[in-house]
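Student: To be precise about what I am sending: the file is called work06.cif and holds mmCIF, N, CA and C atoms.
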```cif
data_entry
#
loop_
_atom_site.label_atom_id
_atom_site.label_comp_id
_atom_site.auth_asym_id
_atom_site.auth_seq_id
_atom_site.Cartn_x
_atom_site.Cartn_y
_atom_site.Cartn_z
N MET W 1 40.46 -37.29 -8.13
CA MET W 1 40.60 -35.84 -8.08
C MET W 1 39.52 -35.21 -8.96
N LYS W 2 38.81 -34.26 -8.42
CA LYS W 2 37.73 -33.59 -9.14
C LYS W 2 38.29 -32.35 -9.86
N ILE W 3 39.09 -32.63 -10.87
CA ILE W 3 39.86 -31.61 -11.58
C ILE W 3 38.97 -30.56 -12.26
N PHE W 4 37.82 -30.99 -12.79
CA PHE W 4 36.99 -30.06 -13.54
C PHE W 4 36.05 -29.24 -12.67
N ASN W 5 36.17 -29.36 -11.34
CA ASN W 5 35.48 -28.41 -10.46
C ASN W 5 36.17 -27.06 -10.52
N ASP W 6 37.43 -27.05 -10.97
CA ASP W 6 38.18 -25.80 -11.17
C ASP W 6 37.77 -25.21 -12.52
N GLN W 7 37.22 -24.00 -12.51
CA GLN W 7 36.71 -23.37 -13.73
C GLN W 7 37.79 -23.23 -14.80
N GLN W 8 39.02 -22.92 -14.42
CA GLN W 8 40.09 -22.78 -15.41
C GLN W 8 40.36 -24.11 -16.12
N CYS W 9 40.34 -25.20 -15.39
CA CYS W 9 40.56 -26.51 -16.00
C CYS W 9 39.43 -26.85 -16.97
N SER W 10 38.20 -26.54 -16.59
CA SER W 10 37.06 -26.75 -17.50
C SER W 10 37.18 -25.87 -18.73
N ASP W 11 37.61 -24.63 -18.55
CA ASP W 11 37.77 -23.72 -19.69
C ASP W 11 38.83 -24.22 -20.67
N ILE W 12 39.92 -24.76 -20.15
CA ILE W 12 40.96 -25.32 -21.01
C ILE W 12 40.37 -26.45 -21.84
N LEU W 13 39.63 -27.32 -21.21
CA LEU W 13 39.03 -28.44 -21.91
C LEU W 13 38.06 -27.97 -22.99
N VAL W 14 37.21 -27.02 -22.67
CA VAL W 14 36.24 -26.50 -23.64
C VAL W 14 36.96 -25.83 -24.81
N ASP W 15 37.99 -25.05 -24.54
CA ASP W 15 38.75 -24.42 -25.63
C ASP W 15 39.35 -25.46 -26.56
N ASP W 16 39.87 -26.54 -25.99
CA ASP W 16 40.46 -27.59 -26.82
C ASP W 16 39.40 -28.35 -27.62
N ILE W 17 38.23 -28.57 -27.04
CA ILE W 17 37.15 -29.21 -27.79
C ILE W 17 36.80 -28.35 -29.00
N LYS W 18 36.68 -27.05 -28.79
CA LYS W 18 36.34 -26.15 -29.90
C LYS W 18 37.43 -26.14 -30.97
N PHE W 19 38.68 -26.12 -30.54
CA PHE W 19 39.79 -26.11 -31.49
C PHE W 19 39.76 -27.36 -32.37
N TYR W 20 39.66 -28.53 -31.74
CA TYR W 20 39.67 -29.77 -32.52
C TYR W 20 38.38 -29.98 -33.30
N ARG W 21 37.27 -29.45 -32.83
CA ARG W 21 36.02 -29.48 -33.60
C ARG W 21 36.23 -28.79 -34.95
N ASP W 22 36.87 -27.62 -34.91
CA ASP W 22 37.11 -26.88 -36.15
C ASP W 22 38.20 -27.54 -36.99
N LYS W 23 39.23 -28.04 -36.36
CA LYS W 23 40.33 -28.67 -37.08
C LYS W 23 39.88 -29.94 -37.81
N PHE W 24 39.14 -30.81 -37.12
CA PHE W 24 38.72 -32.08 -37.70
C PHE W 24 37.35 -32.02 -38.38
N GLU W 25 36.66 -30.89 -38.23
CA GLU W 25 35.35 -30.66 -38.86
C GLU W 25 34.30 -31.68 -38.44
N PHE W 26 34.14 -31.85 -37.13
CA PHE W 26 33.04 -32.66 -36.61
C PHE W 26 32.09 -31.72 -35.88
N LYS W 27 30.91 -32.19 -35.58
CA LYS W 27 29.93 -31.41 -34.82
C LYS W 27 29.87 -31.95 -33.41
N VAL W 28 29.78 -31.05 -32.46
CA VAL W 28 29.55 -31.43 -31.07
C VAL W 28 28.05 -31.32 -30.84
N LEU W 29 27.41 -32.47 -30.78
CA LEU W 29 25.96 -32.48 -30.55
C LEU W 29 25.65 -32.24 -29.08
N GLY W 30 26.60 -32.58 -28.21
CA GLY W 30 26.43 -32.35 -26.79
C GLY W 30 27.66 -32.78 -26.03
N TYR W 31 27.80 -32.25 -24.85
CA TYR W 31 28.89 -32.68 -23.98
C TYR W 31 28.46 -32.45 -22.54
N CYS W 32 29.15 -33.14 -21.65
CA CYS W 32 28.87 -32.98 -20.23
C CYS W 32 30.21 -33.07 -19.50
N ILE W 33 30.61 -31.99 -18.86
CA ILE W 33 31.83 -31.99 -18.07
C ILE W 33 31.44 -32.35 -16.64
N MET W 34 31.92 -33.51 -16.23
CA MET W 34 31.68 -34.00 -14.88
C MET W 34 32.89 -33.60 -14.02
N PRO W 35 32.85 -33.77 -12.72
CA PRO W 35 33.98 -33.34 -11.89
C PRO W 35 35.32 -33.98 -12.26
N ASN W 36 35.31 -35.22 -12.79
CA ASN W 36 36.59 -35.86 -13.09
C ASN W 36 36.65 -36.52 -14.47
N HIS W 37 35.67 -36.26 -15.33
CA HIS W 37 35.71 -36.78 -16.69
C HIS W 37 34.74 -36.03 -17.59
N LEU W 38 34.73 -36.40 -18.85
CA LEU W 38 33.94 -35.71 -19.86
C LEU W 38 33.14 -36.72 -20.67
N HIS W 39 31.92 -36.33 -21.05
CA HIS W 39 31.12 -37.11 -22.00
C HIS W 39 30.97 -36.24 -23.25
N LEU W 40 31.17 -36.83 -24.42
CA LEU W 40 31.02 -36.12 -25.69
C LEU W 40 30.05 -36.87 -26.59
N LEU W 41 29.21 -36.14 -27.29
CA LEU W 41 28.35 -36.70 -28.32
C LEU W 41 28.73 -35.99 -29.61
N LEU W 42 29.36 -36.71 -30.53
CA LEU W 42 29.92 -36.11 -31.74
C LEU W 42 29.28 -36.67 -32.99
N TRP W 43 29.36 -35.92 -34.09
CA TRP W 43 28.91 -36.39 -35.39
C TRP W 43 29.81 -35.81 -36.46
N TRP W 44 30.09 -36.61 -37.48
CA TRP W 44 30.76 -36.12 -38.69
C TRP W 44 30.31 -37.01 -39.84
N ASP W 45 30.48 -36.50 -41.06
CA ASP W 45 30.11 -37.25 -42.24
C ASP W 45 31.21 -38.26 -42.53
N ALA W 46 30.94 -39.52 -42.26
CA ALA W 46 31.95 -40.57 -42.42
C ALA W 46 32.34 -40.79 -43.88
N GLU W 47 31.46 -40.42 -44.80
CA GLU W 47 31.82 -40.54 -46.21
C GLU W 47 32.84 -39.49 -46.61
N LEU W 48 32.74 -38.30 -46.04
CA LEU W 48 33.70 -37.24 -46.34
C LEU W 48 34.99 -37.37 -45.55
N LYS W 49 34.91 -37.95 -44.37
CA LYS W 49 36.07 -38.11 -43.49
C LYS W 49 36.15 -39.56 -43.01
N PRO W 50 36.45 -40.50 -43.90
CA PRO W 50 36.42 -41.91 -43.52
C PRO W 50 37.51 -42.32 -42.53
N LYS W 51 38.58 -41.55 -42.43
CA LYS W 51 39.67 -41.92 -41.50
C LYS W 51 39.50 -41.30 -40.12
N LEU W 52 38.56 -40.39 -39.97
CA LEU W 52 38.31 -39.78 -38.67
C LEU W 52 37.60 -40.77 -37.77
N ASN W 53 38.03 -40.85 -36.51
CA ASN W 53 37.37 -41.75 -35.56
C ASN W 53 37.38 -41.12 -34.17
N VAL W 54 36.54 -41.65 -33.32
CA VAL W 54 36.40 -41.11 -31.96
C VAL W 54 37.73 -41.16 -31.22
N SER W 55 38.46 -42.24 -31.39
CA SER W 55 39.73 -42.39 -30.69
C SER W 55 40.71 -41.27 -31.01
N SER W 56 40.85 -40.92 -32.29
CA SER W 56 41.80 -39.86 -32.65
C SER W 56 41.33 -38.50 -32.16
N ILE W 57 40.03 -38.28 -32.17
CA ILE W 57 39.49 -37.01 -31.67
C ILE W 57 39.77 -36.87 -30.18
N VAL W 58 39.39 -37.89 -29.41
CA VAL W 58 39.55 -37.83 -27.96
C VAL W 58 41.03 -37.77 -27.57
N GLN W 59 41.87 -38.53 -28.27
CA GLN W 59 43.30 -38.49 -27.97
C GLN W 59 43.85 -37.08 -28.17
N SER W 60 43.47 -36.43 -29.26
CA SER W 60 43.95 -35.07 -29.51
C SER W 60 43.50 -34.10 -28.42
N ILE W 61 42.23 -34.16 -28.07
CA ILE W 61 41.70 -33.26 -27.04
C ILE W 61 42.39 -33.53 -25.70
N LYS W 62 42.45 -34.79 -25.30
CA LYS W 62 43.03 -35.13 -23.99
C LYS W 62 44.52 -34.83 -23.92
N SER W 63 45.23 -35.09 -24.99
CA SER W 63 46.69 -34.88 -24.98
C SER W 63 47.02 -33.41 -24.74
N HIS W 64 46.39 -32.54 -25.48
CA HIS W 64 46.71 -31.13 -25.32
C HIS W 64 46.14 -30.55 -24.04
N SER W 65 44.90 -30.86 -23.72
CA SER W 65 44.29 -30.28 -22.52
C SER W 65 45.02 -30.75 -21.26
N ALA W 66 45.48 -32.01 -21.24
CA ALA W 66 46.21 -32.51 -20.07
C ALA W 66 47.49 -31.70 -19.85
N LYS W 67 48.21 -31.41 -20.91
CA LYS W 67 49.44 -30.61 -20.79
C LYS W 67 49.13 -29.22 -20.27
N GLU W 68 48.09 -28.61 -20.80
CA GLU W 68 47.73 -27.26 -20.35
C GLU W 68 47.24 -27.26 -18.90
N ILE W 69 46.46 -28.25 -18.53
CA ILE W 69 45.95 -28.33 -17.16
C ILE W 69 47.09 -28.54 -16.16
N VAL W 70 48.02 -29.42 -16.48
CA VAL W 70 49.18 -29.64 -15.60
C VAL W 70 49.96 -28.35 -15.44
N ASN W 71 50.18 -27.64 -16.53
CA ASN W 71 50.89 -26.36 -16.45
C ASN W 71 50.13 -25.37 -15.56
N TYR W 72 48.81 -25.30 -15.73
CA TYR W 72 48.00 -24.40 -14.92
C TYR W 72 48.07 -24.78 -13.44
N LEU W 73 47.98 -26.07 -13.13
CA LEU W 73 48.01 -26.50 -11.74
C LEU W 73 49.38 -26.24 -11.10
N LYS W 74 50.45 -26.32 -11.88
CA LYS W 74 51.80 -26.06 -11.36
C LYS W 74 52.07 -24.57 -11.17
N THR W 75 51.60 -23.75 -12.11
CA THR W 75 51.95 -22.33 -12.10
C THR W 75 50.83 -21.42 -11.62
N GLY W 76 49.60 -21.90 -11.67
CA GLY W 76 48.45 -21.06 -11.32
C GLY W 76 48.07 -20.11 -12.45
N LYS W 77 48.70 -20.27 -13.61
CA LYS W 77 48.42 -19.41 -14.76
C LYS W 77 48.22 -20.25 -16.00
N ARG W 78 47.37 -19.72 -16.89
CA ARG W 78 47.19 -20.37 -18.19
C ARG W 78 48.21 -19.83 -19.16
N LYS W 79 48.83 -20.72 -19.91
CA LYS W 79 49.70 -20.27 -20.98
C LYS W 79 48.83 -20.07 -22.22
N PRO W 80 49.32 -19.34 -23.20
CA PRO W 80 48.51 -19.17 -24.41
C PRO W 80 48.16 -20.52 -25.02
N SER W 81 46.90 -20.70 -25.30
CA SER W 81 46.42 -21.97 -25.81
C SER W 81 46.61 -22.05 -27.31
N LEU W 82 46.59 -23.28 -27.85
CA LEU W 82 46.58 -23.45 -29.29
C LEU W 82 45.24 -22.99 -29.85
N SER W 83 44.25 -22.89 -28.99
CA SER W 83 42.92 -22.52 -29.41
C SER W 83 42.79 -21.01 -29.60
N PRO W 84 42.13 -20.60 -30.69
CA PRO W 84 41.90 -19.17 -30.90
C PRO W 84 40.74 -18.61 -30.09
N TYR W 85 40.12 -19.45 -29.25
CA TYR W 85 38.93 -19.03 -28.52
C TYR W 85 39.31 -18.46 -27.16
N SER W 86 38.81 -17.27 -26.88
CA SER W 86 39.08 -16.69 -25.57
C SER W 86 37.86 -16.79 -24.66
N ASP W 87 36.67 -16.90 -25.26
CA ASP W 87 35.49 -17.12 -24.42
C ASP W 87 35.40 -18.61 -24.13
N THR W 88 34.49 -19.00 -23.29
CA THR W 88 34.42 -20.41 -22.94
C THR W 88 33.44 -21.14 -23.87
N ALA W 89 32.38 -21.64 -23.36
CA ALA W 89 31.54 -22.55 -24.13
C ALA W 89 30.44 -21.86 -24.93
N SER W 90 30.60 -20.60 -25.26
CA SER W 90 29.49 -19.87 -25.85
C SER W 90 29.00 -20.45 -27.17
N ASP W 91 29.84 -21.13 -27.93
CA ASP W 91 29.37 -21.66 -29.21
C ASP W 91 29.33 -23.19 -29.23
N LEU W 92 29.37 -23.82 -28.07
CA LEU W 92 29.20 -25.26 -27.98
C LEU W 92 27.86 -25.55 -27.32
N PRO W 93 27.22 -26.64 -27.72
CA PRO W 93 25.96 -26.98 -27.07
C PRO W 93 26.22 -27.50 -25.66
N ALA W 94 25.70 -26.83 -24.67
CA ALA W 94 25.90 -27.28 -23.29
C ALA W 94 24.84 -28.31 -22.96
N VAL W 95 25.24 -29.55 -22.84
CA VAL W 95 24.28 -30.60 -22.51
C VAL W 95 24.03 -30.60 -21.01
N CYS W 96 25.08 -30.61 -20.23
CA CYS W 96 24.90 -30.47 -18.80
C CYS W 96 26.16 -29.89 -18.21
N ASN W 97 26.03 -29.31 -17.07
CA ASN W 97 27.15 -28.66 -16.41
C ASN W 97 27.15 -29.12 -14.97
N SER W 98 28.18 -29.85 -14.57
CA SER W 98 28.20 -30.41 -13.22
C SER W 98 28.23 -29.34 -12.15
N LYS W 99 28.72 -28.15 -12.47
CA LYS W 99 28.78 -27.07 -11.48
C LYS W 99 27.37 -26.58 -11.12
N GLN W 100 26.44 -26.66 -12.08
CA GLN W 100 25.08 -26.20 -11.83
C GLN W 100 24.35 -27.14 -10.88
N ALA W 101 24.82 -28.36 -10.81
CA ALA W 101 24.10 -29.36 -10.02
C ALA W 101 24.52 -29.38 -8.56
N GLY W 102 25.49 -28.56 -8.21
CA GLY W 102 25.94 -28.54 -6.83
C GLY W 102 26.63 -29.83 -6.44
N SER W 103 26.25 -30.42 -5.34
CA SER W 103 26.92 -31.62 -4.85
C SER W 103 26.22 -32.90 -5.29
N SER W 104 25.34 -32.80 -6.27
CA SER W 104 24.59 -33.97 -6.72
C SER W 104 25.51 -35.08 -7.19
N GLN W 105 25.14 -36.29 -6.94
CA GLN W 105 25.89 -37.45 -7.40
C GLN W 105 25.12 -38.24 -8.46
N LEU W 106 23.88 -37.89 -8.70
CA LEU W 106 23.05 -38.64 -9.63
C LEU W 106 22.90 -37.88 -10.95
N PRO W 107 23.08 -38.56 -12.09
CA PRO W 107 22.93 -37.89 -13.39
C PRO W 107 21.58 -37.22 -13.56
N VAL W 108 20.52 -37.80 -12.98
CA VAL W 108 19.20 -37.20 -13.15
C VAL W 108 19.08 -35.84 -12.47
N ASP W 109 20.00 -35.51 -11.58
CA ASP W 109 19.96 -34.24 -10.88
C ASP W 109 20.64 -33.10 -11.65
N TYR W 110 21.29 -33.42 -12.77
CA TYR W 110 21.97 -32.39 -13.55
C TYR W 110 20.97 -31.62 -14.40
N GLN W 111 21.28 -30.37 -14.63
CA GLN W 111 20.41 -29.53 -15.45
C GLN W 111 20.77 -29.75 -16.91
N TRP W 112 19.78 -30.05 -17.73
CA TRP W 112 20.00 -30.31 -19.15
C TRP W 112 19.55 -29.10 -19.95
N ILE W 113 20.32 -28.76 -20.94
CA ILE W 113 20.04 -27.59 -21.78
C ILE W 113 20.03 -28.04 -23.23
N GLU W 114 19.06 -27.63 -23.99
CA GLU W 114 19.00 -27.96 -25.41
C GLU W 114 19.39 -26.73 -26.22
N LYS W 115 20.58 -26.76 -26.84
CA LYS W 115 20.97 -25.68 -27.74
C LYS W 115 22.20 -26.12 -28.50
N GLY W 116 22.54 -25.42 -29.54
CA GLY W 116 23.76 -25.72 -30.26
C GLY W 116 23.52 -26.48 -31.55
N ASP W 117 24.56 -27.20 -31.99
CA ASP W 117 24.49 -27.98 -33.22
C ASP W 117 23.35 -28.99 -33.13
N THR W 118 22.77 -29.27 -34.27
CA THR W 118 21.74 -30.30 -34.33
C THR W 118 22.22 -31.41 -35.24
N HIS W 119 21.62 -32.56 -35.09
CA HIS W 119 21.98 -33.68 -35.94
C HIS W 119 21.60 -33.34 -37.37
N PRO W 120 22.45 -33.60 -38.34
CA PRO W 120 22.17 -33.20 -39.72
C PRO W 120 20.96 -33.88 -40.34
N TYR W 121 20.50 -34.98 -39.76
CA TYR W 121 19.35 -35.68 -40.32
C TYR W 121 18.07 -35.40 -39.55
N SER W 122 18.12 -34.48 -38.60
CA SER W 122 16.92 -34.21 -37.81
C SER W 122 16.05 -33.17 -38.47
#
```
I need this file expressed as structure tokens, please.
Tutor:
Amino acid sequence: MKIFNDQQCSDILVDDIKFYRDKFEFKVLGYCIMPNHLHLLLWWDAELKPKLNVSSIVQSIKSHSAKEIVNYLKTGKRKPSLSPYSDTASDLPAVCNSKQAGSSQLPVDYQWIEKGDTHPYS
């Protein structure tokens, strides 16, 4: 199922990424929402947050966004999110957007955008 072709489902996911980015204090260096999955490139200072790991971040994002997406698909409406963000990806670095690529099936056909957080050592 190409769940993220639905703009509302993608917006729910982006809002949750932003919420957990602020909660766990990691940087989103890039992300790519594909029609049925997500790619994330994250960074955090492991010395300051030694217990933080990719698994806990992804579990938090997926757990909440899945509940919201199921609710949206059942009702056709978004319930108030845990996220304080009402806009979509305006403050996240957009690495690629599958909607811009049309019906492309090849990663090389996606449009890449450079903006947003940078690696702290760059």
Student: Figure out the distance between atom CA of W:Phe24 and atom N of W:Asn53, please, to one decimal in Å.
Tutor: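 The value is 8.9 Å.
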Student: What separation in Å, quoted to one decimal, exists between atom CA of W:Arg78 and atom CA of W:Leu40?
Tutor: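 Taking atom CA of W:Arg78 and atom CA of W:Leu40, their separation equals 23.8 Å.
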Student: Which distance in Å separates atom N of W:His64 and atom N of W:Asp16, to one decimal?
Tutor: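 Atom-to-atom, atom N of W:His64 and atom N of W:Asp16 are spaced 8.9 Å apart.
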Student: Quick check on the file I pasted: which residues fall under the PyMOL selection byres (((chain W and resi 41 and name CA) around 7) and name CA)? Write them as a ChimeraX atom specification.
Tutor: /W:28-31,39-40,42
Student: Store the residues picked out above, limited to N, CA and C atoms, as a short mmCIF file (atom, residue, chain, number, x, y, z; two decimals), in the coordinates of the input.
Tutor:
```cif
data_model
loop_
_atom_site.label_atom_id
_atom_site.label_comp_id
_atom_site.auth_asym_id
_atom_site.auth_seq_id
_atom_site.Cartn_x
_atom_site.Cartn_y
_atom_site.Cartn_z
N VAL W 28 29.78 -31.05 -32.46
CA VAL W 28 29.55 -31.43 -31.07
C VAL W 28 28.05 -31.32 -30.84
N LEU W 29 27.41 -32.47 -30.78
CA LEU W 29 25.96 -32.48 -30.55
C LEU W 29 25.65 -32.24 -29.08
N GLY W 30 26.60 -32.58 -28.21
CA GLY W 30 26.43 -32.35 -26.79
C GLY W 30 27.66 -32.78 -26.03
N TYR W 31 27.80 -32.25 -24.85
CA TYR W 31 28.89 -32.68 -23.98
C TYR W 31 28.46 -32.45 -22.54
N HIS W 39 31.92 -36.33 -21.05
CA HIS W 39 31.12 -37.11 -22.00
C HIS W 39 30.97 -36.24 -23.25
N LEU W 40 31.17 -36.83 -24.42
CA LEU W 40 31.02 -36.12 -25.69
C LEU W 40 30.05 -36.87 -26.59
N LEU W 42 29.36 -36.71 -30.53
CA LEU W 42 29.92 -36.11 -31.74
C LEU W 42 29.28 -36.67 -32.99
#
```
Student: Could you pull out the alpha helix (DSSP H) residues of stretch 8-44 of chain W from DSSP and send them as an MDAnalysis selection string?
Tutor: chainID W and resid 8:24
Student: Please produce a file of the residues just selected, as an mmCIF file, keeping the file's coordinate frame, where the atoms kept are N, CA and C atoms.
Tutor:
```cif
data_model
loop_
_atom_site.group_PDB
_atom_site.id
_atom_site.type_symbol
_atom_site.label_atom_id
_atom_site.label_comp_id
_atom_site.auth_asym_id
_atom_site.auth_seq_id
_atom_site.Cartn_x
_atom_site.Cartn_y
_atom_site.Cartn_z
ATOM 1 N N GLN W 8 39.020 -22.920 -14.420
ATOM 2 C CA GLN W 8 40.090 -22.780 -15.410
ATOM 3 C C GLN W 8 40.360 -24.110 -16.120
ATOM 4 N N CYS W 9 40.340 -25.200 -15.390
ATOM 5 C CA CYS W 9 40.560 -26.510 -16.000
ATOM 6 C C CYS W 9 39.430 -26.850 -16.970
ATOM 7 N N SER W 10 38.200 -26.540 -16.590
ATOM 8 C CA SER W 10 37.060 -26.750 -17.500
ATOM 9 C C SER W 10 37.180 -25.870 -18.730
ATOM 10 N N ASP W 11 37.610 -24.630 -18.550
ATOM 11 C CA ASP W 11 37.770 -23.720 -19.690
ATOM 12 C C ASP W 11 38.830 -24.220 -20.670
ATOM 13 N N ILE W 12 39.920 -24.760 -20.150
ATOM 14 C CA ILE W 12 40.960 -25.320 -21.010
ATOM 15 C C ILE W 12 40.370 -26.450 -21.840
ATOM 16 N N LEU W 13 39.630 -27.320 -21.210
ATOM 17 C CA LEU W 13 39.030 -28.440 -21.910
ATOM 18 C C LEU W 13 38.060 -27.970 -22.990
ATOM 19 N N VAL W 14 37.210 -27.020 -22.670
ATOM 20 C CA VAL W 14 36.240 -26.500 -23.640
ATOM 21 C C VAL W 14 36.960 -25.830 -24.810
ATOM 22 N N ASP W 15 37.990 -25.050 -24.540
ATOM 23 C CA ASP W 15 38.750 -24.420 -25.630
ATOM 24 C C ASP W 15 39.350 -25.460 -26.560
ATOM 25 N N ASP W 16 39.870 -26.540 -25.990
ATOM 26 C CA ASP W 16 40.460 -27.590 -26.820
ATOM 27 C C ASP W 16 39.400 -28.350 -27.620
ATOM 28 N N ILE W 17 38.230 -28.570 -27.040
ATOM 29 C CA ILE W 17 37.150 -29.210 -27.790
ATOM 30 C C ILE W 17 36.800 -28.350 -29.000
ATOM 31 N N LYS W 18 36.680 -27.050 -28.790
ATOM 32 C CA LYS W 18 36.340 -26.150 -29.900
ATOM 33 C C LYS W 18 37.430 -26.140 -30.970
ATOM 34 N N PHE W 19 38.680 -26.120 -30.540
ATOM 35 C CA PHE W 19 39.790 -26.110 -31.490
ATOM 36 C C PHE W 19 39.760 -27.360 -32.370
ATOM 37 N N TYR W 20 39.660 -28.530 -31.740
ATOM 38 C CA TYR W 20 39.670 -29.770 -32.520
ATOM 39 C C TYR W 20 38.380 -29.980 -33.300
ATOM 40 N N ARG W 21 37.270 -29.450 -32.830
ATOM 41 C CA ARG W 21 36.020 -29.480 -33.600
ATOM 42 C C ARG W 21 36.230 -28.790 -34.950
ATOM 43 N N ASP W 22 36.870 -27.620 -34.910
ATOM 44 C CA ASP W 22 37.110 -26.880 -36.150
ATOM 45 C C ASP W 22 38.200 -27.540 -36.990
ATOM 46 N N LYS W 23 39.230 -28.040 -36.360
ATOM 47 C CA LYS W 23 40.330 -28.670 -37.080
ATOM 48 C C LYS W 23 39.880 -29.940 -37.810
ATOM 49 N N PHE W 24 39.140 -30.810 -37.120
ATOM 50 C CA PHE W 24 38.720 -32.080 -37.700
ATOM 51 C C PHE W 24 37.350 -32.020 -38.380
#
```
Student: Got a sec to check which residues sit within 5 Å of (33.8, -35.7, -8.8), counting only N, CA and C atoms, and write them as a PyMOL selection string?
Tutor: chain W and resi 2+35-36
Student: Just checking: using only C-alpha atoms, which residue out of W:Leu48, W:Leu38, W:Leu13, W:Ile33 ends up closest to W:Ser63?
Tutor: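 Closest candidate: W:Leu13.
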Student: Quick one: everything within 7 Å of W:Ile12, counting all atoms listed in the file, minus sequence neighbours fewer than 3 positions away in the same chain. Send it as JSON, numbers by chain.
Tutor: {"W": [7, 8, 9, 15, 16, 17, 65, 68, 69]}
Student: Please produce a file of those selected residues containing N, CA and C atoms, as a compact mmCIF listing (two decimals), in the coordinates of the input.
Tutor:
```
# COMPACT_ATOMS: atom_id res chain seq x y z
N GLN W 7 37.22 -24.00 -12.51
CA GLN W 7 36.71 -23.37 -13.73
C GLN W 7 37.79 -23.23 -14.80
N GLN W 8 39.02 -22.92 -14.42
CA GLN W 8 40.09 -22.78 -15.41
C GLN W 8 40.36 -24.11 -16.12
N CYS W 9 40.34 -25.20 -15.39
CA CYS W 9 40.56 -26.51 -16.00
C CYS W 9 39.43 -26.85 -16.97
N ASP W 15 37.99 -25.05 -24.54
CA ASP W 15 38.75 -24.42 -25.63
C ASP W 15 39.35 -25.46 -26.56
N ASP W 16 39.87 -26.54 -25.99
CA ASP W 16 40.46 -27.59 -26.82
C ASP W 16 39.40 -28.35 -27.62
N ILE W 17 38.23 -28.57 -27.04
CA ILE W 17 37.15 -29.21 -27.79
C ILE W 17 36.80 -28.35 -29.00
N SER W 65 44.90 -30.86 -23.72
CA SER W 65 44.29 -30.28 -22.52
C SER W 65 45.02 -30.75 -21.26
N GLU W 68 48.09 -28.61 -20.80
CA GLU W 68 47.73 -27.26 -20.35
C GLU W 68 47.24 -27.26 -18.90
N ILE W 69 46.46 -28.25 -18.53
CA ILE W 69 45.95 -28.33 -17.16
C ILE W 69 47.09 -28.54 -16.16
```
